[in-house]
Amino acid sequence: MLSYRHGFHAGNHADVLKHFVLIELLNYLGQKDTAYTYVDTHSGAGLYSLDTGYATKNAEYETGIAPLWDRDDAPAALQAYLDLVKTLNPSGKMRYYPGSPYCANEVMRAQDRLRLFELHPSEIKILSENFRKLEAHKAEQGERQTVRGKRIMINAGDGFEGLKAILPPPSRRGLVLIDPPYEVKDDYRRVKVCLEDALVRFPTGTYAVWYPVLSRIESKQLPERLKRIPANGWLNVTLSISGPTPDGFGLHSSGMFIINPPWTLEATLREVMPYLVRVLGKDVSAKFEIESGETEQVRVKPPVRASAERTARNTVGAGKSINATTTSTGRPQVGSLRTNNSNNLSGPKRIDSRTNTARAASSTNRDLGQGKRTARPANLSKSRSR
Ligand SMILES: C[S@@+](CC[C@H](N)C(=O)[O-])C[C@H]1O[C@@H](n2cnc3c(N)ncnc32)[C@H](O)[C@@H]1O
């Protein structure tokens with residue numbers, strides 16, 4: 001089904017969360033000189049007009065970028081995102097909103113590579129045209145150097161499938177954003193299957209999945225299922241700008257699930273999310289949640305006296321998940337306008353005592369280079385703790 005057009009939703013609260021986190025992840029990768037690859041499996045059009053066309057229909061940007069536009073008190077990490085959007089609007093008037101490919105292209109360096117997928121025949125044309133103009137403009141300014149191979153590749157096709165062919169990236173450093181429309185429930189299943197496959201091909205990559213927080217079962221199950229995929233660790237952040245409407249329509253809450261997150265991300269989120277709740281929150285149900293889980297490295301040893309054939313069969317398991325007997329470090333945290341001192345959200349509030357008992361370091365990927373691993377780890381999340 002190809003009825004989804006992201007232009008209707010451009011700049012809403014879900015885009016703010018997604019694009020702010022995306023920029024954080026890319027900036028982290030950019031701290032090391034070695035090139036990295038960014039893959040956008042569901043790119044959309046790349047750039048959206050806010051004052052004409054689809055975006056004007058429901059003006060969803062009023063739930064996201066609009067209330068942030070004139071603020072001068074944003075935390076530094078959020079300011080980096082706001083600066084990027086403002087650079088796109090040099091007149092100072094909020095007219096254009098950047099999609100994920102545009103955000104990425106702005107943050108990425110000459111040596112890095114973008115791999116973009118889009119299935120919709122109209123959106124892919126707009127995306128290609130937007131990038132053609134952008135690159136022509138940058139070339140005029142002498143901003144981009146040529147790298148070996150193409151810096152940007154735009155693929156008209158299925159991003160879930162296309163990802164398989166390009167992992168692992170040449171430098172073994174990379175970020176994959178998976179952001180499907182979820183208009184068909186099969187998208188939920190495909191996200192999980194796609195990640196399981198991708199993590200076998202590129203276990204040290206960072207993966208970010210955007211998802212809507214809805215009452216439908218597939219939406220509730222998705223983060224729980226992703227927590228069980230073998231990886232070094234995960235981080236789940238959600239932003240709700242209000243409680244559900246009585247008729248159940250409208251998106252009031254969304255999440256970003258990050259597999260193999262940089263160790264710096266959680267602290268940044270703890271700084272920025274209370275601010276987003278304060279500025280974008282519409283009622284007392286506005287809140288954020290952060291939870292993270294860590295896995296322990298598990299080495300798969302071949303049996304001491306195994307035959308050659310058995311050894312081969314067992315070592316294949318190095319690429320599989322092993323359920324380790326270690327403890328979980330899941331650590332959810334909730335901040336909400338519902339807290340007594342709702343006027344003071346300078347720090348996240350721990351309002352759910354059940355979910356705040358486990359305290360442990362949650363950092364992963366401390367190596368900026370996302371270096372090689374010797375064996376696949378088993379996944380341990382809070383929900384599987386013993
Ligand atoms: C939520 S939008 C993407 C928004 C974009 N990532 C951003 O943040 O600006 C999802 C896009 O995925 C496209 N799409 C749907 N199924 C797809 C698939 N299997 N492969 C690639 N693109 C797909 C839709 O046409 C739509 O443009």
# chains A, B, ... in the order shown; residues from 1 in each chain; ligands from 1
$ select_by_dssp --residues "stretch 82-149 of chain A" --states "alpha helix (DSSP H)" --output "PyMOL selection string"
chain A and resi 82-87+100-107+121-140
$ write_last_selection --atoms "N, CA and C atoms" --output "mmCIF file, in the first residue's frame"
data_model
loop_
_atom_site.group_PDB
_atom_site.id
_atom_site.type_symbol
_atom_site.label_atom_id
_atom_site.label_comp_id
_atom_site.auth_asym_id
_atom_site.auth_seq_id
_atom_site.Cartn_x
_atom_site.Cartn_y
_atom_site.Cartn_z
ATOM 1 N N LEU A 82 17.821 22.288 16.054
ATOM 2 C CA LEU A 82 17.082 23.514 15.705
ATOM 3 C C LEU A 82 17.897 24.392 14.751
ATOM 4 N N ASP A 83 19.206 24.441 14.986
ATOM 5 C CA ASP A 83 20.068 25.236 14.100
ATOM 6 C C ASP A 83 20.021 24.693 12.675
ATOM 7 N N LEU A 84 20.005 23.361 12.579
ATOM 8 C CA LEU A 84 19.961 22.753 11.243
ATOM 9 C C LEU A 84 18.662 23.149 10.526
ATOM 10 N N VAL A 85 17.545 23.087 11.241
ATOM 11 C CA VAL A 85 16.269 23.451 10.607
ATOM 12 C C VAL A 85 16.287 24.939 10.240
ATOM 13 N N LYS A 86 16.877 25.738 11.086
ATOM 14 C CA LYS A 86 16.891 27.194 10.820
ATOM 15 C C LYS A 86 17.788 27.543 9.632
ATOM 16 N N THR A 87 18.861 26.790 9.466
ATOM 17 C CA THR A 87 19.749 27.038 8.324
ATOM 18 C C THR A 87 18.994 26.839 7.014
ATOM 19 N N SER A 100 14.672 13.167 7.076
ATOM 20 C CA SER A 100 15.873 12.495 7.598
ATOM 21 C C SER A 100 17.045 12.515 6.603
ATOM 22 N N PRO A 101 16.832 12.328 5.277
ATOM 23 C CA PRO A 101 17.993 12.358 4.364
ATOM 24 C C PRO A 101 18.669 13.719 4.350
ATOM 25 N N TYR A 102 17.856 14.768 4.428
ATOM 26 C CA TYR A 102 18.439 16.117 4.427
ATOM 27 C C TYR A 102 19.231 16.353 5.711
ATOM 28 N N CYS A 103 18.637 15.995 6.857
ATOM 29 C CA CYS A 103 19.341 16.160 8.143
ATOM 30 C C CYS A 103 20.687 15.444 8.072
ATOM 31 N N ALA A 104 20.656 14.217 7.572
ATOM 32 C CA ALA A 104 21.883 13.414 7.530
ATOM 33 C C ALA A 104 22.919 14.070 6.627
ATOM 34 N N ASN A 105 22.482 14.492 5.462
ATOM 35 C CA ASN A 105 23.420 15.082 4.510
ATOM 36 C C ASN A 105 24.088 16.333 5.073
ATOM 37 N N GLU A 106 23.348 17.079 5.863
ATOM 38 C CA GLU A 106 23.910 18.299 6.450
ATOM 39 C C GLU A 106 24.986 17.986 7.483
ATOM 40 N N VAL A 107 24.760 16.907 8.246
ATOM 41 C CA VAL A 107 25.675 16.574 9.340
ATOM 42 C C VAL A 107 26.883 15.790 8.826
ATOM 43 N N PRO A 121 6.708 5.938 -5.980
ATOM 44 C CA PRO A 121 7.220 6.498 -7.240
ATOM 45 C C PRO A 121 7.252 8.025 -7.256
ATOM 46 N N SER A 122 6.313 8.682 -6.586
ATOM 47 C CA SER A 122 6.334 10.159 -6.576
ATOM 48 C C SER A 122 7.373 10.673 -5.597
ATOM 49 N N GLU A 123 7.432 10.054 -4.426
ATOM 50 C CA GLU A 123 8.381 10.517 -3.412
ATOM 51 C C GLU A 123 9.830 10.347 -3.879
ATOM 52 N N ILE A 124 10.102 9.253 -4.572
ATOM 53 C CA ILE A 124 11.491 9.022 -5.018
ATOM 54 C C ILE A 124 11.910 10.078 -6.037
ATOM 55 N N LYS A 125 10.946 10.497 -6.864
ATOM 56 C CA LYS A 125 11.269 11.544 -7.852
ATOM 57 C C LYS A 125 11.603 12.851 -7.140
ATOM 58 N N ILE A 126 10.788 13.182 -6.133
ATOM 59 C CA ILE A 126 11.021 14.448 -5.404
ATOM 60 C C ILE A 126 12.344 14.360 -4.638
ATOM 61 N N LEU A 127 12.578 13.206 -4.022
ATOM 62 C CA LEU A 127 13.822 13.012 -3.272
ATOM 63 C C LEU A 127 15.036 13.195 -4.192
ATOM 64 N N SER A 128 14.983 12.555 -5.352
ATOM 65 C CA SER A 128 16.107 12.632 -6.298
ATOM 66 C C SER A 128 16.320 14.064 -6.768
ATOM 67 N N GLU A 129 15.222 14.729 -7.062
ATOM 68 C CA GLU A 129 15.312 16.114 -7.539
ATOM 69 C C GLU A 129 15.859 17.035 -6.441
ATOM 70 N N ASN A 130 15.371 16.827 -5.215
ATOM 71 C CA ASN A 130 15.869 17.635 -4.089
ATOM 72 C C ASN A 130 17.378 17.459 -3.930
ATOM 73 N N PHE A 131 17.837 16.226 -4.024
ATOM 74 C CA PHE A 131 19.272 15.987 -3.834
ATOM 75 C C PHE A 131 20.090 16.466 -5.021
ATOM 76 N N ARG A 132 19.505 16.396 -6.210
ATOM 77 C CA ARG A 132 20.226 16.904 -7.380
ATOM 78 C C ARG A 132 20.494 18.400 -7.198
ATOM 79 N N LYS A 133 19.462 19.115 -6.769
ATOM 80 C CA LYS A 133 19.610 20.566 -6.566
ATOM 81 C C LYS A 133 20.591 20.864 -5.433
ATOM 82 N N LEU A 134 20.441 20.110 -4.351
ATOM 83 C CA LEU A 134 21.322 20.328 -3.189
ATOM 84 C C LEU A 134 22.783 20.117 -3.548
ATOM 85 N N GLU A 135 23.047 19.024 -4.231
ATOM 86 C CA GLU A 135 24.435 18.712 -4.582
ATOM 87 C C GLU A 135 24.985 19.717 -5.575
ATOM 88 N N ALA A 136 24.132 20.165 -6.521
ATOM 89 C CA ALA A 136 24.583 21.173 -7.486
ATOM 90 C C ALA A 136 24.953 22.451 -6.732
ATOM 91 N N HIS A 137 24.131 22.803 -5.763
ATOM 92 C CA HIS A 137 24.390 24.012 -4.980
ATOM 93 C C HIS A 137 25.699 23.875 -4.198
ATOM 94 N N LYS A 138 25.870 22.723 -3.554
ATOM 95 C CA LYS A 138 27.093 22.517 -2.753
ATOM 96 C C LYS A 138 28.326 22.501 -3.660
ATOM 97 N N ALA A 139 28.184 21.886 -4.836
ATOM 98 C CA ALA A 139 29.323 21.828 -5.758
ATOM 99 C C ALA A 139 29.717 23.244 -6.190
ATOM 100 N N GLU A 140 28.696 24.063 -6.455
ATOM 101 C CA GLU A 140 28.949 25.467 -6.823
ATOM 102 C C GLU A 140 29.757 26.181 -5.754
#
$ residues_near_ligand --ligand "ligand 1" --cutoff "7 Å" --atoms "only C-alpha atoms and all ligand atoms" --output "short mmCIF file (atom, residue, chain, number, x, y, z; two decimals) with N, CA and C atoms, in the first residue's frame"
data_model
loop_
_atom_site.label_atom_id
_atom_site.label_comp_id
_atom_site.auth_asym_id
_atom_site.auth_seq_id
_atom_site.Cartn_x
_atom_site.Cartn_y
_atom_site.Cartn_z
N LEU A 2 0.67 2.11 -0.96
CA LEU A 2 1.54 3.28 -1.04
C LEU A 2 0.73 4.58 -0.99
N TYR A 4 0.75 6.49 1.83
CA TYR A 4 1.37 7.36 2.84
C TYR A 4 2.21 8.45 2.19
N ARG A 5 2.01 9.70 2.62
CA ARG A 5 2.88 10.80 2.19
C ARG A 5 3.34 11.52 3.46
N HIS A 6 4.63 11.55 3.64
CA HIS A 6 5.14 12.10 4.90
C HIS A 6 4.89 13.61 5.02
N ASP A 15 8.54 13.79 14.38
CA ASP A 15 9.71 14.18 13.57
C ASP A 15 10.77 14.86 14.44
N LYS A 18 12.56 12.10 16.32
CA LYS A 18 13.35 11.27 15.38
C LYS A 18 14.57 12.01 14.85
N HIS A 19 14.37 13.23 14.41
CA HIS A 19 15.48 13.95 13.76
C HIS A 19 16.49 14.47 14.76
N ASP A 40 19.25 5.04 5.02
CA ASP A 40 17.88 5.44 5.35
C ASP A 40 16.99 4.49 4.54
N THR A 41 16.38 3.52 5.23
CA THR A 41 15.63 2.50 4.47
C THR A 41 14.30 3.04 3.95
N HIS A 42 13.78 4.09 4.61
CA HIS A 42 12.50 4.69 4.21
C HIS A 42 12.70 6.21 4.22
N SER A 43 13.13 6.75 3.10
CA SER A 43 13.64 8.13 3.08
C SER A 43 12.59 9.21 2.99
N GLY A 44 11.47 8.92 2.34
CA GLY A 44 10.51 10.00 2.07
C GLY A 44 11.06 10.95 1.02
N ALA A 45 10.54 12.17 1.00
CA ALA A 45 10.91 13.13 -0.05
C ALA A 45 12.16 13.93 0.30
N GLY A 46 12.59 13.88 1.54
CA GLY A 46 13.84 14.53 1.92
C GLY A 46 13.70 15.95 2.41
N PRO A 98 13.24 19.81 7.16
CA PRO A 98 14.11 18.78 6.58
C PRO A 98 13.67 17.38 6.95
N GLY A 99 13.65 16.49 5.99
CA GLY A 99 13.43 15.08 6.29
C GLY A 99 14.74 14.44 6.73
N SER A 100 14.67 13.17 7.08
CA SER A 100 15.87 12.49 7.60
C SER A 100 17.05 12.52 6.60
N PRO A 101 16.83 12.33 5.28
CA PRO A 101 17.99 12.36 4.36
C PRO A 101 18.67 13.72 4.35
N PHE A 117 16.83 4.78 0.43
CA PHE A 117 15.83 3.95 -0.24
C PHE A 117 14.46 4.61 -0.12
N GLU A 118 13.69 4.53 -1.20
CA GLU A 118 12.31 5.02 -1.16
C GLU A 118 11.52 4.25 -2.22
N LEU A 119 10.33 3.79 -1.81
CA LEU A 119 9.54 2.93 -2.69
C LEU A 119 8.49 3.70 -3.48
N HIS A 120 7.98 4.78 -2.91
CA HIS A 120 6.87 5.50 -3.55
C HIS A 120 7.36 6.21 -4.82
N GLU A 123 7.43 10.05 -4.43
CA GLU A 123 8.38 10.52 -3.41
C GLU A 123 9.83 10.35 -3.88
N GLY A 157 13.32 1.62 -4.43
CA GLY A 157 13.02 0.21 -4.12
C GLY A 157 12.73 0.01 -2.65
N ASP A 158 12.59 -1.25 -2.31
CA ASP A 158 12.23 -1.66 -0.96
C ASP A 158 13.45 -1.58 -0.04
N GLY A 159 13.36 -0.73 0.95
CA GLY A 159 14.49 -0.51 1.85
C GLY A 159 14.80 -1.71 2.74
N PHE A 160 13.76 -2.45 3.12
CA PHE A 160 14.00 -3.64 3.96
C PHE A 160 14.88 -4.63 3.20
N ASP A 179 12.40 3.63 9.22
CA ASP A 179 11.30 4.54 9.54
C ASP A 179 10.11 4.30 8.60
N PRO A 180 9.51 3.11 8.67
CA PRO A 180 8.40 2.82 7.75
C PRO A 180 7.12 3.53 8.15
N PRO A 181 6.12 3.55 7.27
CA PRO A 181 4.86 4.24 7.61
C PRO A 181 4.01 3.48 8.63
#
$ closest_atom_pairs --of "stretch 86-180 of chain A" --to "stretch 64-75 of chain A" --cutoff "10 Å" --atoms "only C-alpha atoms" --output "Markdown table"
| residue | atom | partner | partner_atom | distance |
| --- | --- | --- | --- | --- |
| A:Lys86 | CA | A:Trp69 | CA | 8.4 |
| A:Gly92 | CA | A:Trp69 | CA | 9.4 |
| A:Lys93 | CA | A:Trp69 | CA | 9.3 |
| A:Met94 | CA | A:Trp69 | CA | 7.7 |
| A:Tyr97 | CA | A:Ile65 | CA | 8.6 |
$ write_last_selection --atoms "C-alpha atoms" --output "compact mmCIF listing (two decimals), in the first residue's frame"
# COMPACT_ATOMS: atom_id res chain seq x y z
CA LYS A 86 16.89 27.19 10.82
CA GLY A 92 13.88 33.36 9.65
CA LYS A 93 10.35 32.39 8.65
CA MET A 94 9.48 28.74 9.24
CA TYR A 97 11.27 21.26 7.17
$ atom_distance --atom1 "atom CA of A:Tyr61" --atom2 "atom CA of A:Arg115"
26.8 Å
$ closest_residue --among "A:Asp33, A:Glu218, A:Glu294, A:Glu62" --to "A:Lys185" --atoms "only C-alpha atoms"
A:Glu218
$ atom_distance --atom1 "atom CA of A:Ser49" --atom2 "atom CA of A:Leu88"
10.9 Å
$ closest_residue --among "A:Met256, A:Leu239, A:Val193, A:Ile23" --to "A:Ala286" --atoms "only C-alpha atoms"
A:Leu239
$ select_by_dssp --residues "stretch 210-270 of chain A" --states "strand (DSSP E or B)" --output "number ranges by chain"
A: 210-212, 233-240, 253-259
$ write_last_selection --atoms "C-alpha atoms" --output "mmCIF file, in the first residue's frame"
data_model
loop_
_atom_site.group_PDB
_atom_site.id
_atom_site.type_symbol
_atom_site.label_atom_id
_atom_site.label_comp_id
_atom_site.auth_asym_id
_atom_site.auth_seq_id
_atom_site.Cartn_x
_atom_site.Cartn_y
_atom_site.Cartn_z
ATOM 1 C CA TRP A 210 11.140 5.003 14.744
ATOM 2 C CA TYR A 211 7.757 3.637 15.784
ATOM 3 C CA PRO A 212 4.329 5.012 16.701
ATOM 4 C CA GLY A 233 22.674 -3.122 23.922
ATOM 5 C CA TRP A 234 19.589 -1.065 23.289
ATOM 6 C CA LEU A 235 17.968 2.184 24.290
ATOM 7 C CA ASN A 236 14.288 3.010 23.988
ATOM 8 C CA VAL A 237 12.986 6.561 24.272
ATOM 9 C CA THR A 238 9.378 7.647 23.892
ATOM 10 C CA LEU A 239 7.759 11.059 23.827
ATOM 11 C CA SER A 240 4.052 11.569 24.523
ATOM 12 C CA SER A 253 3.178 9.416 21.233
ATOM 13 C CA SER A 254 6.140 7.885 19.414
ATOM 14 C CA GLY A 255 9.420 6.194 20.138
ATOM 15 C CA MET A 256 12.947 5.704 18.895
ATOM 16 C CA PHE A 257 14.467 2.315 19.585
ATOM 17 C CA ILE A 258 18.223 2.289 19.169
ATOM 18 C CA ILE A 259 20.283 -0.867 18.938
#
$ residues_around --residues "stretch 267-272 of chain A" --least-positions-apart "2" --cutoff "9 Å" --atoms "only C-alpha atoms" --output "CSV table (one decimal) with N, CA and C atoms, in the first residue's frame"
chain,number,residue,atom,x,y,z
A,21,VAL,N,17.3,12.9,17.5
A,21,VAL,CA,18.1,11.7,17.9
A,21,VAL,C,19.0,11.3,16.7
A,24,GLU,N,22.0,13.5,16.7
A,24,GLU,CA,22.9,13.0,17.8
A,24,GLU,C,23.8,11.8,17.4
A,74,ALA,N,16.8,26.2,24.6
A,74,ALA,CA,16.9,24.8,24.3
A,74,ALA,C,18.2,24.2,24.8
A,75,PRO,N,18.3,23.0,25.4
A,75,PRO,CA,19.5,22.4,25.7
A,75,PRO,C,20.4,22.3,24.4
A,76,ALA,N,21.7,22.3,24.6
A,76,ALA,CA,22.7,22.3,23.5
A,76,ALA,C,22.4,21.3,22.4
A,77,ALA,N,22.1,20.1,22.8
A,77,ALA,CA,22.0,19.0,21.8
A,77,ALA,C,20.7,19.2,21.0
A,78,LEU,N,19.7,19.7,21.6
A,78,LEU,CA,18.5,20.0,20.8
A,78,LEU,C,18.7,21.3,19.9
A,237,VAL,N,13.5,5.3,23.8
A,237,VAL,CA,13.0,6.6,24.3
A,237,VAL,C,11.6,6.9,23.6
A,263,TRP,N,27.4,5.4,23.9
A,263,TRP,CA,27.3,5.5,25.4
A,263,TRP,C,26.9,6.9,25.8
A,264,THR,N,27.0,7.9,25.0
A,264,THR,CA,26.7,9.3,25.4
A,264,THR,C,25.2,9.6,25.2
A,265,LEU,N,24.5,8.8,24.5
A,265,LEU,CA,23.1,9.1,24.1
A,265,LEU,C,22.2,9.3,25.3
A,274,PRO,N,13.1,16.1,29.1
A,274,PRO,CA,12.2,17.0,30.0
A,274,PRO,C,11.8,18.3,29.3
A,275,TYR,N,12.8,18.8,28.6
A,275,TYR,CA,12.5,20.1,27.9
A,275,TYR,C,11.5,19.9,26.8
A,276,LEU,N,11.6,18.8,26.1
A,276,LEU,CA,10.6,18.6,25.0
A,276,LEU,C,9.2,18.4,25.6
A,277,VAL,N,9.1,17.7,26.8
A,277,VAL,CA,7.8,17.5,27.4
A,277,VAL,C,7.3,18.8,27.9
A,290,ILE,N,12.6,6.7,29.2
A,290,ILE,CA,13.8,6.2,28.7
A,290,ILE,C,14.1,4.9,29.3
A,346,SER,N,13.3,20.5,35.2
A,346,SER,CA,14.7,20.6,34.8
A,346,SER,C,15.4,19.2,34.8
A,347,GLY,N,14.9,18.3,35.6
A,347,GLY,CA,15.5,16.9,35.6
A,347,GLY,C,14.3,15.9,35.5
A,348,PRO,N,14.6,14.8,34.9
A,348,PRO,CA,13.5,13.8,34.7
A,348,PRO,C,13.0,13.3,36.1
$ residues_around --residues "A:Ser242" --least-positions-apart "5" --cutoff "10 Å" --atoms "only C-alpha atoms" --output "list in words"
Leu251, His252, Ser253, Val277, Leu280, Gly281, Lys282, Asp283, Val284, Ser285, Ala286, Lys287 and Leu337 of chain A
$ decode --residues "stretch 3-32 of chain A" --atoms "N, CA and C atoms" --output "short mmCIF file (atom, residue, chain, number, x, y, z; two decimals), in the first residue's frame"
data_model
loop_
_atom_site.label_atom_id
_atom_site.label_comp_id
_atom_site.auth_asym_id
_atom_site.auth_seq_id
_atom_site.Cartn_x
_atom_site.Cartn_y
_atom_site.Cartn_z
N SER A 3 -0.09 4.72 0.03
CA SER A 3 -0.88 5.94 0.14
C SER A 3 -0.21 6.95 1.07
N TYR A 4 0.75 6.49 1.83
CA TYR A 4 1.37 7.36 2.84
C TYR A 4 2.21 8.45 2.19
N ARG A 5 2.01 9.70 2.62
CA ARG A 5 2.88 10.80 2.19
C ARG A 5 3.34 11.52 3.46
N HIS A 6 4.63 11.55 3.64
CA HIS A 6 5.14 12.10 4.90
C HIS A 6 4.89 13.61 5.02
N GLY A 7 4.67 14.26 3.88
CA GLY A 7 4.41 15.70 3.90
C GLY A 7 3.29 16.11 4.85
N PHE A 8 2.29 15.24 5.04
CA PHE A 8 1.19 15.57 5.94
C PHE A 8 1.67 15.70 7.39
N HIS A 9 2.75 15.02 7.70
CA HIS A 9 3.19 14.93 9.10
C HIS A 9 4.49 15.72 9.36
N ALA A 10 5.01 16.33 8.33
CA ALA A 10 6.35 16.95 8.44
C ALA A 10 6.44 17.93 9.60
N GLY A 11 7.48 17.76 10.40
CA GLY A 11 7.74 18.70 11.48
C GLY A 11 6.90 18.49 12.72
N ASN A 12 6.16 17.38 12.80
CA ASN A 12 5.35 17.16 14.01
C ASN A 12 6.24 16.67 15.17
N HIS A 13 5.64 16.41 16.31
CA HIS A 13 6.43 16.03 17.50
C HIS A 13 7.24 14.76 17.26
N ALA A 14 6.70 13.84 16.45
CA ALA A 14 7.41 12.59 16.17
C ALA A 14 8.66 12.86 15.33
N ASP A 15 8.54 13.79 14.38
CA ASP A 15 9.71 14.18 13.57
C ASP A 15 10.77 14.86 14.44
N VAL A 16 10.32 15.67 15.38
CA VAL A 16 11.29 16.34 16.25
C VAL A 16 12.11 15.30 17.01
N LEU A 17 11.42 14.35 17.62
CA LEU A 17 12.14 13.30 18.37
C LEU A 17 13.10 12.54 17.44
N LYS A 18 12.56 12.10 16.32
CA LYS A 18 13.35 11.27 15.38
C LYS A 18 14.57 12.01 14.85
N HIS A 19 14.37 13.23 14.41
CA HIS A 19 15.48 13.95 13.76
C HIS A 19 16.49 14.47 14.76
N PHE A 20 16.04 14.81 15.94
CA PHE A 20 16.99 15.21 16.97
C PHE A 20 17.89 14.02 17.35
N VAL A 21 17.29 12.86 17.54
CA VAL A 21 18.08 11.67 17.89
C VAL A 21 19.00 11.29 16.72
N LEU A 22 18.49 11.37 15.50
CA LEU A 22 19.30 11.03 14.32
C LEU A 22 20.56 11.90 14.27
N ILE A 23 20.39 13.18 14.47
CA ILE A 23 21.54 14.11 14.41
C ILE A 23 22.54 13.78 15.51
N GLU A 24 22.04 13.45 16.69
CA GLU A 24 22.92 13.04 17.79
C GLU A 24 23.76 11.82 17.40
N LEU A 25 23.10 10.83 16.81
CA LEU A 25 23.79 9.59 16.44
C LEU A 25 24.85 9.85 15.38
N LEU A 26 24.52 10.69 14.41
CA LEU A 26 25.48 10.98 13.34
C LEU A 26 26.65 11.81 13.85
N ASN A 27 26.36 12.76 14.72
CA ASN A 27 27.45 13.57 15.28
C ASN A 27 28.41 12.70 16.08
N TYR A 28 27.87 11.70 16.72
CA TYR A 28 28.74 10.79 17.49
C TYR A 28 29.67 10.03 16.53
N LEU A 29 29.10 9.51 15.45
CA LEU A 29 29.93 8.79 14.47
C LEU A 29 30.99 9.72 13.86
N GLY A 30 30.64 10.97 13.73
CA GLY A 30 31.56 11.95 13.12
C GLY A 30 32.71 12.36 14.01
N GLN A 31 32.72 11.88 15.24
CA GLN A 31 33.84 12.23 16.13
C GLN A 31 35.14 11.54 15.73
N LYS A 32 35.01 10.51 14.94
CA LYS A 32 36.20 9.81 14.49
C LYS A 32 36.39 10.08 12.99
#
